[in-house]
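Asks: Below you will find the structure I want to go over with you.
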Amino acid sequence: MNTEELQQIAAGVAEEKEKYDFEVDVCMGTSCLSQHSDRIRDALAKEAEACGKKCHVRRTGCMGPCAAGPMVVVEPAGTRYGHVHESDAKEMIESLGGEPVARLDPNLGSYFEGQHFVVLENVGHIDPEKVDDYIACGGYEALLKALTEMTPQTVIEQISKSGLRGRGGGGYLTGLKWDTVAKVKGAQKYVICNGDEGDPGAFMDRSVLESDPQRVIEGMAIAAYAIGASKGFIYVRAEYPLAVQRLTVALREARRRGFLGNAICETSFTFDIDIRLGAGAFVCGEETALIASIEGKRGTPRPRPPYPAVSGLWDDPTLINNVETFANVAPIIRHGGEWFSARGTARSKGTKVFALTGKIRRTGLVEVPMGMTLRQIIFDIGGGVPDGRKFKAVQTGGPSGGCLPEEHLDLSISYDALISAGSMMGSGGMIVMDDTSCMVSVARFFMEFCMTESCGKCVPCRAGTVQMFELLTKICKGEATHRDLDQLTELCEVVGATSLCGLGQTAPNPVLSTLRYFKHEYLAHIDEKRCPAGVCEFSPVAVEVHA
Amino acid sequence: MPLYAERPPLPSDDKRWRIVNGTMRKHGYSRNALIETLHTVQSSFGFLDMPAIKFVAQSLRVPLSQAYGVVTFYHFFSLKPPGKHTCTVCTGTACYIKGAEKLVAEAEKRLQIRTGQTTADDEVSLATVRCVGDCGRAPVVLFDGELSAQMDGQRLTAQLDAWRNQ
């Protein structure tokens with residue numbers, strides 16, 4: 001594969017497009033597909049054929065606003081339709097070239113305003129199972145550029161210059177990580193893509209893998225070139241069957257076009273990728289546990305150092321990055337590190353994809369520049385809290401993160417700002433809660449999650465989470481005293497400070513952050529035996545009746 | 001078990017064992033194919049029983065203790081056969097905020113079983129899962145693996161009743 005061939009493929013796709021006057025893109029991500037968007041596509045294709053208009057009905061990946069699904073977009077007008085049903089197909093096709101069907105307007109308001117697409121730039125525009133569609137959008141230009149015009153060192157320089165930080169939650173500088181692995185000597189090195197998106201309430205990685213899998217493969221190949229690896233693994237959750245299927249097709253297509261395998265792009269670079277399925281263990285998102293799982297063992301973490309960069313998969317130097325991190329690599333190489341770092345804050349560059357869920361009007365996937373405020377994301381893009389209820393808190397960072405109250409809504413999103421506010425970036429789940437959510441119950445929910453997901457290797461996490469869960473249950477039942485609250489706070493400190501891996505170290509965060517901002521709710525449960533949100537049910541208390 | 005014992009024969013002439021063998025062959029009977037192989041067994045048979053685990057362990061030359069340890073470590077693997085139908089309620093954060101707990105309680109009440117159990121007539125198994133990634137349309141329930149979003153108690157019980165009255 002060389003530049004001319006890439007251009008030829010892109011020209012071929014463009015030529016095919018020229019044949020049609022209209023393009024109808026049907027979202028076939030997990031969410032819309034579960035509402036039978038495949039049948040909608042078939043109905044549209046049938047109608048298109050019947051009416052004789054030059055219309056191309058296509059499958060695309062997730063378009064973002066899941067709550068308005070199934071989504072259909074009509075090009076070139078860019079008309080968006082939401083809540084589409086098979087029976088609407090005829091009307092939609094008939095309206096092509098005229099007035100759009102008004103009753104199918106998804107009412108997205110300002111959902112797309114203020115968003116900036118880097119990772120999601122292709123979604124809705126390409127068929128995830130066609131590598132040529134990806135190439136037509138500039139795909140694999142970056143890999144070709146890296147292999148033919150850049151040395152591994154200059155690739156790493158560009159990544160460092162971009163200021164890209166790990167999107168899985170840790171926020172470690174990607175350039176620095178690559179540089180470390182590149183400098184370690186070893187005959188065999190590995191690249192691993194962490195697609196074990198365990199944070200409940202986050203689905204960015206699923207969406208990227210389903211909608212634009214080639215982008216992740218290209219990012220991994222560039223990383224492999226930079227660090228000198230010849231073998232890669234993508235670790236995906238078994239709960240994401242569609243992502244696994246699309247990825248399998250994507251790998252086959254990439255091999256067919258010669259972007260994986262031997263002598264890639266007529267150079268001496270050799271690289272291939274295998275898929276490994278997760279099996280439902282949250283702890284496997286931790287890098288050493290993930291490595292154990294790929295080796296076919298129980299996914300228990302081990303102490304670091306040695307870091308995987310030095311001794312990882314089968315004790316060889318290993319680079320592990322998150323799906324979204326790899327998805328950022330190709331644009332950085334294509335446009336240069338400075339282009340990427342122009343967006344964002346001083347220490348958090350670029351954009352971040354968030355999964356907006358919970359009590360919010362427009363749920364779905366959004367990509368915004370770092371530095372945007374929570375208020376802009378939740379109220380301008382997400383449309384605020386529905387049903388006339390009041391905003392109470394937003395939870396970020398999954399079970400390792402925290403709940404931020406209203407007074408923090410003007411916080412600019414960045415790794416450091418979120419940590420100093422007592423939460424964390426995490427992988428990008430953003431769950432909005434209204435005044436019907438009891439914060440003590442939420443803390444208890446997360447503690448139950450950590451308790452069941454603890455791998456059991458180290459005592460603080462294994463035993464500590466159980467004790468904290470018991471104490472939180474006691475509070476929720478109105479049976480706790482102030483001593484219990486003190487004990488809970490103390491346990492938070494011990495478990496956080498002494499656990500082996502990230503799971504245990506961050507397990508107290510939901511408790512600590514709710515204690516910090518919603519202590520009055522804890523006190524109401526303890527002192528007044530009352531749940532301010534009306535969620536917790538208390539065992540009846542004996543009340544003295546004066547005769 | 002001697003170190004270089006022959007690979008064990010297929011446990012029965014059930015064709016599904018050949019699929020399992022195919023997975024192991026694809027990975028060159030390497031030890032690290034354990035989880036992949038167990039996935040194949042579970043997807044072919046619906047669950048993992050002791051003869052299956054023994055067969056996989058011997059074929060890959062993994063100590064039985066390690067194979068059993070792996071099976072019990074990962075939530076995805078099940079040692080019990082599932083019922084004819086499976087109802088899986090997502091209990092991820094977004095679903096929790098939107099009332100997944102109530103759905104679980106409703107299903108438990110309707111089926112008269114606890115989560116993780118199967119009804120006495122082997123018709124319906126009730127399970128929970130930690131997030132299937134359709135959080136935008138929470139709460140989510142999987143009926144026989146098919147995703148149904150924006151679920152409510154009424155639709156849930158209607159489906160459960162439909163299964164049991166078949």
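Here's how to read the names in the structure tokens: chain A, B, ... by the order shown, residue numbers from 1 in each chain, ligand numbers from 1 in the order shown.
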Once you count only C-alpha atoms, which residues of chain B turn out to be within 8 Å of chain A? Could you give them as JSON, numbers by chain?
Replies: {"B": [31, 32, 33, 34, 35, 36, 66, 69, 70, 73, 74, 75, 76, 77, 92, 93, 94, 95, 97, 98, 130, 131, 132, 133, 134, 135, 136, 137, 138, 146, 147, 148, 149]}
Asks: Could you write out that same residue set with C-alpha atoms as a short mmCIF file (atom, residue, chain, number, x, y, z; two decimals), in the first residue's frame?
Replies:
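Below is the file result-v6.cif, written as the result:
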data_model
loop_
_atom_site.label_atom_id
_atom_site.label_comp_id
_atom_site.auth_asym_id
_atom_site.auth_seq_id
_atom_site.Cartn_x
_atom_site.Cartn_y
_atom_site.Cartn_z
CA ARG B 31 -2.22 -22.66 27.89
CA ASN B 32 -3.17 -19.06 27.50
CA ALA B 33 -6.15 -20.06 25.36
CA LEU B 34 -7.93 -21.22 28.53
CA ILE B 35 -10.37 -18.31 28.80
CA GLU B 36 -11.06 -18.28 25.06
CA GLN B 66 -6.24 -23.34 37.77
CA GLY B 69 -10.16 -21.09 39.62
CA VAL B 70 -10.58 -19.19 36.38
CA PHE B 73 -13.29 -15.99 39.19
CA TYR B 74 -15.06 -14.53 36.18
CA HIS B 75 -18.73 -13.64 36.55
CA PHE B 76 -19.46 -14.43 32.94
CA PHE B 77 -18.94 -18.16 33.40
CA GLY B 92 -25.02 -0.51 36.03
CA THR B 93 -25.03 2.98 37.50
CA ALA B 94 -27.30 4.60 34.92
CA CYS B 95 -29.80 1.77 35.25
CA ILE B 97 -30.38 5.67 38.98
CA LYS B 98 -33.36 4.88 36.75
CA ARG B 130 -22.87 -4.90 35.31
CA CYS B 131 -23.58 -2.60 32.41
CA VAL B 132 -24.19 -3.62 28.81
CA GLY B 133 -23.40 -0.14 27.55
CA ASP B 134 -26.84 1.05 26.50
CA CYS B 135 -26.86 3.52 29.38
CA GLY B 136 -28.45 6.24 27.25
CA ARG B 137 -31.72 4.35 27.36
CA ALA B 138 -31.63 2.98 30.89
CA GLU B 146 -31.87 -9.43 23.27
CA LEU B 147 -31.60 -5.90 24.54
CA SER B 148 -34.79 -4.13 25.66
CA ALA B 149 -34.30 -0.59 26.86
#
Asks: Name all residues at most 9 Å from range 345-347 of chain A (count only C-alpha atoms; drop same-chain ones fewer than 6 positions away) and give them as a ChimeraX atom specification.
Replies: /A:163,369-371,412-416
Asks: Just checking: using only C-alpha atoms, which residue out of B:Pro82, B:Tyr68, B:Pro139, B:Glu6 ends up closest to Glu101 in chain B?
Replies: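 Of B:Pro82, B:Tyr68, B:Pro139, B:Glu6, the one nearest Glu101 in chain B is B:Pro139, counting only C-alpha atoms.
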Asks: Between CA of Lys477 in chain A and CA of Gln112 in chain B, measure the distance and give it in Å to one decimal.
Replies: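 Calculated distance between CA of Lys477 in chain A and CA of Gln112 in chain B is 24.6 Å.
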Asks: Provide the CA of Leu44 in chain A to CA of Val57 in chain A distance in Å, to one decimal place.
Replies: 6.8 Å
